[in-house]
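Chemist: File protein.txt follows (compact mmCIF, C-alpha atoms):
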# COMPACT_ATOMS: atom_id res chain seq x y z
CA MET A 26 -23.83 -84.36 -15.08
CA SER A 27 -26.19 -81.91 -16.65
CA SER A 28 -29.48 -81.41 -14.85
CA SER A 29 -31.35 -80.61 -18.07
CA THR A 30 -34.51 -82.46 -19.03
CA PRO A 31 -33.67 -86.00 -20.22
CA THR A 32 -34.39 -86.99 -23.79
CA LYS A 33 -37.08 -89.51 -24.63
CA ASP A 34 -34.43 -92.03 -25.62
CA PHE A 35 -32.50 -91.58 -22.39
CA GLU A 36 -35.70 -92.06 -20.40
CA SER A 37 -36.54 -95.30 -22.22
CA ALA A 38 -36.13 -98.40 -20.09
CA GLU A 39 -33.61 -99.93 -22.49
CA ALA A 40 -31.30 -96.94 -22.76
CA TYR A 41 -31.55 -95.93 -19.11
CA GLY A 42 -30.85 -99.48 -17.99
CA LEU A 43 -27.73 -99.75 -20.17
CA PHE A 44 -26.32 -96.41 -19.00
CA ALA A 45 -27.13 -96.97 -15.31
CA LYS A 46 -25.97 -100.58 -15.13
CA GLY A 47 -22.80 -99.87 -17.06
CA LEU A 48 -21.75 -96.86 -14.98
CA LYS A 49 -22.47 -98.67 -11.71
CA TYR A 50 -20.56 -101.76 -12.85
CA ILE A 51 -17.49 -99.86 -14.06
CA ARG A 52 -17.16 -97.23 -11.30
CA PRO A 53 -15.32 -99.51 -8.78
CA MET A 54 -12.76 -100.38 -11.47
CA LEU A 55 -11.70 -96.77 -12.02
CA GLN A 56 -9.62 -96.37 -8.85
CA ILE A 57 -7.42 -99.42 -9.26
CA THR A 58 -4.57 -100.20 -11.62
CA PRO A 59 -6.42 -100.75 -14.92
CA ARG A 60 -7.06 -104.20 -16.28
CA TYR A 61 -8.91 -104.96 -19.47
CA LEU A 62 -12.59 -105.84 -19.42
CA SER A 63 -13.07 -109.57 -19.75
CA GLN A 64 -15.46 -111.30 -22.11
CA ASP A 65 -17.66 -111.99 -19.09
CA ASP A 66 -17.69 -108.26 -18.28
CA LEU A 67 -18.69 -107.42 -21.85
CA THR A 68 -21.45 -110.02 -21.85
CA ARG A 69 -22.86 -108.75 -18.56
CA LEU A 70 -22.81 -105.18 -19.89
CA ARG A 71 -24.41 -106.17 -23.23
CA VAL A 72 -21.46 -104.87 -25.23
CA LYS A 73 -20.78 -105.79 -28.84
CA CYS A 74 -17.10 -105.24 -29.72
CA THR A 75 -16.04 -105.03 -33.34
CA GLU A 76 -13.17 -103.70 -35.42
CA MET A 77 -13.16 -100.37 -37.25
CA ASP A 78 -11.14 -99.24 -40.27
CA ILE A 79 -8.72 -96.50 -39.23
CA ASN A 80 -8.53 -95.06 -42.75
CA SER A 81 -12.27 -94.64 -43.29
CA GLY A 82 -13.99 -94.81 -39.89
CA THR A 83 -16.21 -97.62 -41.17
CA PRO A 84 -17.18 -100.13 -38.45
CA GLN A 85 -17.51 -103.88 -38.96
CA ASP A 86 -20.92 -104.07 -37.33
CA GLU A 87 -24.57 -103.33 -38.11
CA GLY A 88 -24.48 -99.90 -36.49
CA LEU A 89 -23.98 -96.46 -37.97
CA LYS A 90 -20.78 -94.91 -39.19
CA VAL A 91 -20.73 -91.76 -37.06
CA LEU A 92 -17.62 -89.83 -38.15
CA GLU A 93 -16.63 -88.75 -41.66
CA LEU A 94 -12.85 -88.38 -41.62
CA ARG A 95 -11.15 -85.33 -43.11
CA SER A 96 -9.42 -86.07 -46.40
CA LEU A 97 -5.74 -86.91 -46.12
CA SER A 98 -4.75 -84.06 -48.46
CA ASP A 99 -6.68 -81.49 -46.40
CA THR A 100 -5.25 -82.88 -43.16
CA ILE A 101 -1.67 -82.65 -44.43
CA ALA A 102 -2.23 -79.11 -45.68
CA ILE A 103 -3.63 -78.03 -42.29
CA ALA A 104 -0.84 -79.77 -40.40
CA GLU A 105 1.82 -78.05 -42.51
CA GLU A 106 0.14 -74.67 -42.07
CA ARG A 107 -0.01 -75.15 -38.30
CA GLY A 108 3.59 -76.35 -38.06
CA VAL A 109 2.72 -79.87 -36.94
CA ILE A 110 4.87 -81.35 -39.72
CA ASP A 111 7.39 -80.00 -42.24
CA GLN A 112 9.32 -81.42 -45.18
CA ASP A 113 11.36 -83.59 -42.80
CA GLY A 114 8.33 -84.93 -40.97
CA ILE A 115 7.64 -84.58 -37.24
CA ASP A 116 10.00 -82.49 -35.15
CA ALA A 117 11.66 -85.24 -33.09
CA SER A 118 12.14 -82.93 -30.11
CA ARG A 119 8.34 -82.70 -29.74
CA GLY A 120 7.64 -86.41 -29.88
CA PRO A 121 7.71 -89.19 -27.25
CA SER A 122 10.52 -88.72 -24.75
CA GLY A 123 10.99 -92.21 -23.27
CA CYS A 124 10.01 -90.98 -19.77
CA GLY A 125 7.25 -93.55 -19.35
CA ASN A 126 4.10 -94.55 -21.18
CA TRP A 127 1.85 -91.83 -19.75
CA HIS A 128 4.37 -89.05 -20.41
CA ASP A 129 5.05 -90.31 -23.92
CA ALA A 130 1.32 -90.45 -24.63
CA CYS A 131 1.01 -86.83 -23.47
CA SER A 132 3.91 -85.88 -25.76
CA LEU A 133 2.06 -87.52 -28.61
CA ARG A 134 -1.07 -85.59 -27.66
CA ASP A 135 0.92 -82.35 -27.74
CA LEU A 136 1.62 -82.87 -31.44
CA PHE A 137 -2.11 -82.55 -32.15
CA LEU A 138 -2.71 -79.35 -30.17
CA PRO A 139 -2.11 -76.90 -33.04
CA LEU A 140 -4.84 -78.65 -35.04
CA PHE A 141 -7.68 -77.23 -32.96
CA ASP A 142 -8.58 -74.34 -30.67
CA GLN A 143 -6.03 -74.51 -27.87
CA THR A 144 -8.43 -73.20 -25.24
CA SER A 145 -9.28 -76.90 -24.89
CA HIS A 146 -5.87 -77.57 -23.31
CA ALA A 147 -5.44 -79.05 -19.87
CA PRO A 148 -5.17 -76.36 -17.14
CA ASP A 149 -1.41 -76.78 -16.80
CA LEU A 150 -0.78 -75.83 -20.43
CA PRO A 151 -0.57 -72.21 -21.60
CA ASP A 152 -3.51 -70.90 -23.63
CA LYS A 153 -2.71 -69.91 -27.18
CA ILE A 154 -5.89 -69.31 -29.12
CA LEU A 155 -5.77 -70.35 -32.76
CA PRO A 156 -8.57 -70.11 -35.34
CA GLN A 157 -10.97 -73.02 -35.00
CA ILE A 158 -10.71 -75.79 -37.58
CA GLY A 159 -13.30 -78.48 -38.05
CA PRO A 160 -16.56 -79.06 -36.18
CA TRP A 161 -15.24 -79.26 -32.61
CA LYS A 162 -15.03 -76.98 -29.57
CA PRO A 163 -14.04 -77.58 -25.92
CA PHE A 164 -16.65 -79.71 -24.13
CA LYS A 165 -17.17 -77.52 -21.06
CA GLU A 166 -19.89 -79.67 -19.46
CA TYR A 167 -17.42 -82.53 -19.01
CA ARG A 168 -14.86 -81.99 -16.23
CA GLY A 169 -12.66 -84.94 -17.14
CA ASP A 170 -11.66 -88.15 -15.38
CA ASP A 171 -8.37 -89.69 -14.28
CA TYR A 172 -6.71 -92.04 -11.82
CA VAL A 173 -3.52 -91.14 -9.97
CA ASP A 174 -1.98 -93.57 -7.48
CA GLU A 175 0.92 -93.00 -5.06
CA SER A 176 3.53 -93.13 -7.80
CA LYS A 177 2.11 -91.89 -11.10
CA VAL A 178 -0.82 -90.98 -13.29
CA ARG A 179 -2.38 -94.23 -14.53
CA TRP A 180 -4.74 -92.64 -17.04
CA ARG A 181 -6.29 -89.27 -17.80
CA VAL A 182 -8.94 -87.98 -20.19
CA ILE A 183 -7.79 -84.78 -21.87
CA ASN A 184 -8.88 -82.55 -24.73
CA ALA A 185 -12.56 -83.48 -24.69
CA LEU A 186 -14.32 -81.74 -27.59
CA ASP A 187 -17.92 -81.65 -28.74
CA SER A 188 -19.83 -80.36 -31.75
CA SER A 189 -19.23 -76.65 -32.25
CA ASP A 190 -22.67 -75.97 -33.71
CA GLY A 191 -24.58 -78.31 -31.42
CA SER A 192 -26.20 -80.09 -34.36
CA THR A 193 -25.19 -83.53 -33.06
CA PRO A 194 -24.34 -84.84 -29.55
CA ASP A 195 -21.00 -86.29 -30.72
CA THR A 196 -17.72 -85.94 -28.81
CA ILE A 197 -14.06 -86.77 -29.35
CA CYS A 198 -11.33 -86.91 -26.71
CA PHE A 199 -7.78 -88.09 -26.00
CA ILE A 200 -6.84 -90.55 -23.24
CA ALA A 201 -3.24 -90.94 -22.08
CA ASN A 202 -2.51 -94.31 -20.42
CA GLU A 203 0.35 -95.68 -18.36
CA GLU A 204 -0.68 -99.32 -18.92
CA THR A 205 0.14 -100.90 -22.26
CA LEU A 206 -2.56 -101.06 -24.93
CA GLU A 207 -3.55 -104.48 -26.19
CA HIS A 208 -5.25 -105.04 -29.52
CA GLY A 209 -8.94 -105.92 -29.36
CA LYS A 210 -9.31 -105.25 -25.61
CA ILE A 211 -10.84 -102.25 -23.86
CA PHE A 212 -9.92 -100.60 -20.56
CA PRO A 213 -12.71 -99.92 -18.02
CA HIS A 214 -11.99 -96.19 -18.18
CA GLU A 215 -12.33 -96.16 -21.97
CA PHE A 216 -15.74 -97.78 -21.62
CA TRP A 217 -16.61 -95.41 -18.75
CA CYS A 218 -15.97 -92.42 -21.01
CA ILE A 219 -18.29 -93.79 -23.69
CA LEU A 220 -21.08 -94.15 -21.12
CA ARG A 221 -20.50 -91.06 -18.99
CA ILE A 222 -19.96 -88.61 -21.84
CA GLY A 223 -22.79 -90.17 -23.85
CA ALA A 224 -25.17 -89.81 -20.88
CA ILE A 225 -24.20 -86.16 -20.37
CA LYS A 226 -24.85 -85.40 -24.03
CA LEU A 227 -28.20 -87.20 -24.27
CA LYS A 228 -29.44 -85.48 -21.11
CA SER A 229 -28.46 -82.03 -22.36
CA LYS A 230 -31.03 -79.54 -23.53
CA GLY A 231 -31.29 -79.44 -27.30
CA ASN A 232 -30.61 -83.15 -27.82
CA GLU A 233 -34.22 -84.28 -27.35
CA ASN A 234 -34.48 -85.67 -30.88
CA HIS A 235 -31.22 -87.64 -30.84
CA GLN A 236 -31.18 -91.35 -30.06
CA ILE A 237 -27.42 -91.88 -29.85
CA ALA A 238 -24.45 -89.85 -28.59
CA PRO A 239 -21.29 -91.36 -30.11
CA VAL A 240 -17.99 -90.91 -28.30
CA THR A 241 -14.72 -91.24 -30.21
CA ILE A 242 -11.51 -91.72 -28.20
CA VAL A 243 -7.91 -91.43 -29.35
CA SER A 244 -6.27 -93.67 -26.75
CA ALA A 245 -2.48 -93.72 -26.42
CA SER A 246 0.17 -95.41 -24.29
CA GLY A 247 3.85 -94.79 -24.87
CA ARG A 248 4.47 -94.88 -28.62
CA HIS A 249 1.25 -96.72 -29.40
CA ALA A 250 -2.21 -95.36 -30.19
CA ARG A 251 -5.59 -96.54 -31.44
CA ILE A 252 -9.13 -95.25 -31.89
CA VAL A 253 -11.96 -96.49 -29.67
CA GLN A 254 -15.54 -95.48 -30.46
CA GLY A 255 -18.89 -96.38 -29.01
CA TYR A 256 -22.48 -95.49 -28.22
CA VAL A 257 -25.51 -96.89 -26.42
CA ASP A 258 -28.21 -98.19 -28.73
CA GLY A 259 -31.22 -98.22 -26.42
CA PRO A 260 -33.85 -99.49 -28.88
CA LYS A 261 -31.67 -102.48 -29.80
CA GLY A 262 -30.66 -103.14 -26.20
CA TYR A 263 -26.86 -103.15 -26.46
CA ILE A 264 -23.74 -100.98 -26.49
CA LEU A 265 -21.58 -100.85 -29.59
CA VAL A 266 -17.81 -100.51 -29.13
CA ARG A 267 -15.43 -100.32 -32.09
CA MET A 268 -11.63 -100.36 -32.06
CA THR A 269 -9.06 -99.80 -34.78
CA GLY A 270 -5.78 -101.59 -35.07
CA MET A 271 -2.73 -100.23 -33.28
CA ILE A 272 -0.52 -97.46 -34.65
CA THR A 273 3.10 -97.54 -33.48
CA PHE A 274 5.41 -94.53 -33.67
CA ASP A 275 8.87 -96.05 -34.11
CA GLY A 276 11.02 -92.92 -34.36
CA ASP A 277 11.26 -92.60 -38.14
CA GLN A 278 10.19 -88.99 -38.78
CA LYS A 279 8.69 -89.56 -42.23
CA GLN A 280 6.80 -92.70 -41.26
CA ASP A 281 5.68 -91.23 -37.95
CA SER A 282 4.37 -88.14 -39.76
CA ALA A 283 2.22 -90.33 -42.00
CA LYS A 284 0.87 -92.19 -38.95
CA LEU A 285 0.19 -88.90 -37.17
CA MET A 286 -1.87 -87.75 -40.15
CA GLU A 287 -3.95 -90.96 -39.95
CA ILE A 288 -5.01 -90.02 -36.43
CA ALA A 289 -5.32 -86.29 -37.21
CA ARG A 290 -7.98 -87.09 -39.81
CA TRP A 291 -10.23 -88.18 -36.91
CA PHE A 292 -9.71 -84.95 -34.95
CA LEU A 293 -10.55 -82.96 -38.09
CA GLY A 294 -13.47 -85.18 -39.14
CA SER A 295 -17.17 -84.34 -39.01
CA PRO A 296 -20.06 -86.18 -37.32
CA CYS A 297 -22.27 -88.17 -39.69
CA ARG A 298 -24.91 -90.90 -39.63
CA VAL A 299 -24.27 -93.43 -42.39
CA SER A 300 -25.78 -96.90 -42.48
CA THR A 301 -23.14 -99.64 -42.65
CA LYS A 302 -25.52 -102.59 -42.53
CA LEU A 303 -23.67 -105.69 -43.62
CA ASP A 304 -25.03 -107.83 -46.46
Hey, can you dump this file as structure tokens for me?
Modeler:
Amino acid sequence: MSSSTPTKDFESAEAYGLFAKGLKYIRPMLQITPRYLSQDDLTRLRVKCTEMDINSGTPQDEGLKVLELRSLSDTIAIAEERGVIDQDGIDASRGPSGCGNWHDACSLRDLFLPLFDQTSHAPDLPDKILPQIGPWKPFKEYRGDDYVDESKVRWRVINALDSSDGSTPDTICFIANEETLEHGKIFPHEFWCILRIGAIKLKSKGNENHQIAPVTIVSASGRHARIVQGYVDGPKGYILVRMTGMITFDGDQKQDSAKLMEIARWFLGSPCRVSTKLD
């Protein structure tokens, strides 16, 4: 973690307690085959889980909307320009291979690489620098997390990006999972990323005036993906976690292209702070 001076919010008893307790609670769960956090876990950690609209980024809670998605028309135009899709849809040879959930998730991730600066690739991928699109750059202060047992990679955080101009402490990343995703439930390592990356950002120099550090995760397993998003709200004394419904890539090139664009809008979106207080 960064050794920079902590922000006032991070030093507050409420925020510090939520970060510290959550990281300590989750750490032992990271080096075992993942299971979902139980309702008891969420209660102990003071987590509020809600749904989030995948087409707008609007959460179904009293917190802030923190990401303004790129328009669908702009996203399609960028994807066509970068060769992500063509008139026939996704190039099937570049999609999920059927070699296991983690490998298929990585193949899905590879489809997004041309959308942003490829210097953010994992070390085993060749660098091919493309002009930057959108507000993101590689998040160099975060080294990544994963769990590999005797037989395979169980999960890995890849392509962590943060704000290119430093105006907000927001981040977005991709997690590839071997275990199957289940609607409405969160893995310990997904929650860990929200806390660990959020803590790094709020402790970083230049973020003294920010109270929250939202983390958006594109989480995939096999041919399934969803968006998980969260942040610590110290003043209110809880952690907000939002999840979208599941997107399934079923092998139809046209339909899969449309689904890919739904997720790409998040990678090309911009941080925002919009009140979504429910009436």
Chemist: Give me, as CSV, each residue of stretch 168-252 of chain A that comes within 10 Å of stretch 273-296 of chain A, together with its shortest interatomic pair and the distance in Å at one decimal, counting only C-alpha atoms, with rows ordered by chain and rising residue number.
Modeler:
residue,atom,partner,partner_atom,distance
A:Leu186,CA,A:Phe292,CA,9.3
A:Asp187,CA,A:Pro296,CA,9.9
A:Ser188,CA,A:Pro296,CA,8.1
A:Ser192,CA,A:Pro296,CA,9.1
A:Thr193,CA,A:Pro296,CA,7.2
A:Pro194,CA,A:Pro296,CA,9.0
A:Asp195,CA,A:Pro296,CA,6.7
A:Thr196,CA,A:Pro296,CA,8.8
A:Ile197,CA,A:Phe292,CA,7.3
A:Cys198,CA,A:Phe292,CA,8.6
A:Phe199,CA,A:Phe292,CA,9.7
A:Pro239,CA,A:Pro296,CA,9.0
A:Thr241,CA,A:Trp291,CA,8.6
A:Ile242,CA,A:Trp291,CA,9.5
A:Val243,CA,A:Ile288,CA,7.8
A:Ala245,CA,A:Thr273,CA,9.8
A:Ser246,CA,A:Thr273,CA,9.9
A:Gly247,CA,A:Phe274,CA,8.9
A:Arg248,CA,A:Phe274,CA,5.1
A:His249,CA,A:Thr273,CA,4.6
A:Ala250,CA,A:Thr273,CA,6.6
A:Arg251,CA,A:Ile288,CA,8.2
A:Ile252,CA,A:Ile288,CA,8.1
Chemist: For atom CA of A:Arg267 and atom CA of A:Ser63, quote the distance in Å rounded to one decimal.
Modeler: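 Here the two named atoms are 15.6 Å from each other.
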Chemist: Please indicate the distance in Å from atom CA of A:Val182 to atom CA of A:Ile200, rounded to one decimal place.
Modeler: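 Rounded to one decimal, the two atoms are 4.5 Å apart.
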Chemist: Counting only C-alpha atoms, which residue out of A:Glu203, A:Asn184, A:Pro260, A:Ile211 sits closest to A:Leu67?
Modeler: A:Ile211
Chemist: Hey, what's within 12 Å of A:Glu175 if we count only C-alpha atoms and toss same-chain stuff fewer than 4 positions away? As a list of chain:residue names, please?
Modeler: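 Residues near the query, excluding close chain neighbours: A:Gln56, A:Ile57, A:Thr58, A:Arg179.
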Chemist: Take the residues just selected and output them with C-alpha atoms as a tab-separated table (two decimals), in the coordinates of the input.
Modeler:
chain	number	residue	atom	x	y	z
A	56	GLN	CA	-9.62	-96.37	-8.85
A	57	ILE	CA	-7.42	-99.42	-9.26
A	58	THR	CA	-4.57	-100.20	-11.62
A	179	ARG	CA	-2.38	-94.23	-14.53
Chemist: Measure the distance from atom CA of A:Ser81 to atom CA of A:Lys210 in Å and round it to one decimal.
Modeler: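 Value for the atom CA of A:Ser81-atom CA of A:Lys210 distance: 20.8 Å.
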Chemist: Choose the residue, out of A:Pro59, A:Pro53, A:Gly88, A:Pro213, that has the smallest atom-to-atom separation from A:Ile237; count all atoms listed in the file.
Modeler: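 So, comparing all the options, the nearest one is A:Gly88.
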Chemist: Set up a box along x, y and z of the file covering all listed atoms of stretch 208-222 of chain A, add 3 Å on every one of the six sides, and write the centre and edge lengths in Å to one decimal, as AutoDock Vina command-line options.
Modeler:
--center_x -13.2 --center_y -97.3 --center_z -23.8 --size_x 21.8 --size_y 23.3 --size_z 17.5
Chemist: Which residue, A:Leu220, A:Leu227, A:Val72, A:Ile101, has the smallest gap to A:Gly191 when you use all atoms listed in the file?
Modeler: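 Under the stated criterion, the closest residue is A:Leu227.
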Chemist: Can you work out which one of A:Met271, A:Tyr61, A:Ala104, A:Tyr167 has the shortest atom-to-atom distance to A:Ile225, counting only C-alpha atoms?
Modeler: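 Checking each of A:Met271, A:Tyr61, A:Ala104, A:Tyr167 against A:Ile225, counting only C-alpha atoms, the winner is A:Tyr167.
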Chemist: From the options A:Met54, A:Leu133, A:Cys74, A:Cys297, which residue's atoms come nearest to A:Gly209, counting only C-alpha atoms?
Modeler: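 Checking each of A:Met54, A:Leu133, A:Cys74, A:Cys297 against A:Gly209, counting only C-alpha atoms, the winner is A:Cys74.
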Chemist: Point out the residue among A:Glu204, A:Glu87, A:Glu105, A:Asp174 with the least atom-to-atom distance to A:Ala130, counting all atoms listed in the file.
Modeler: A:Glu204
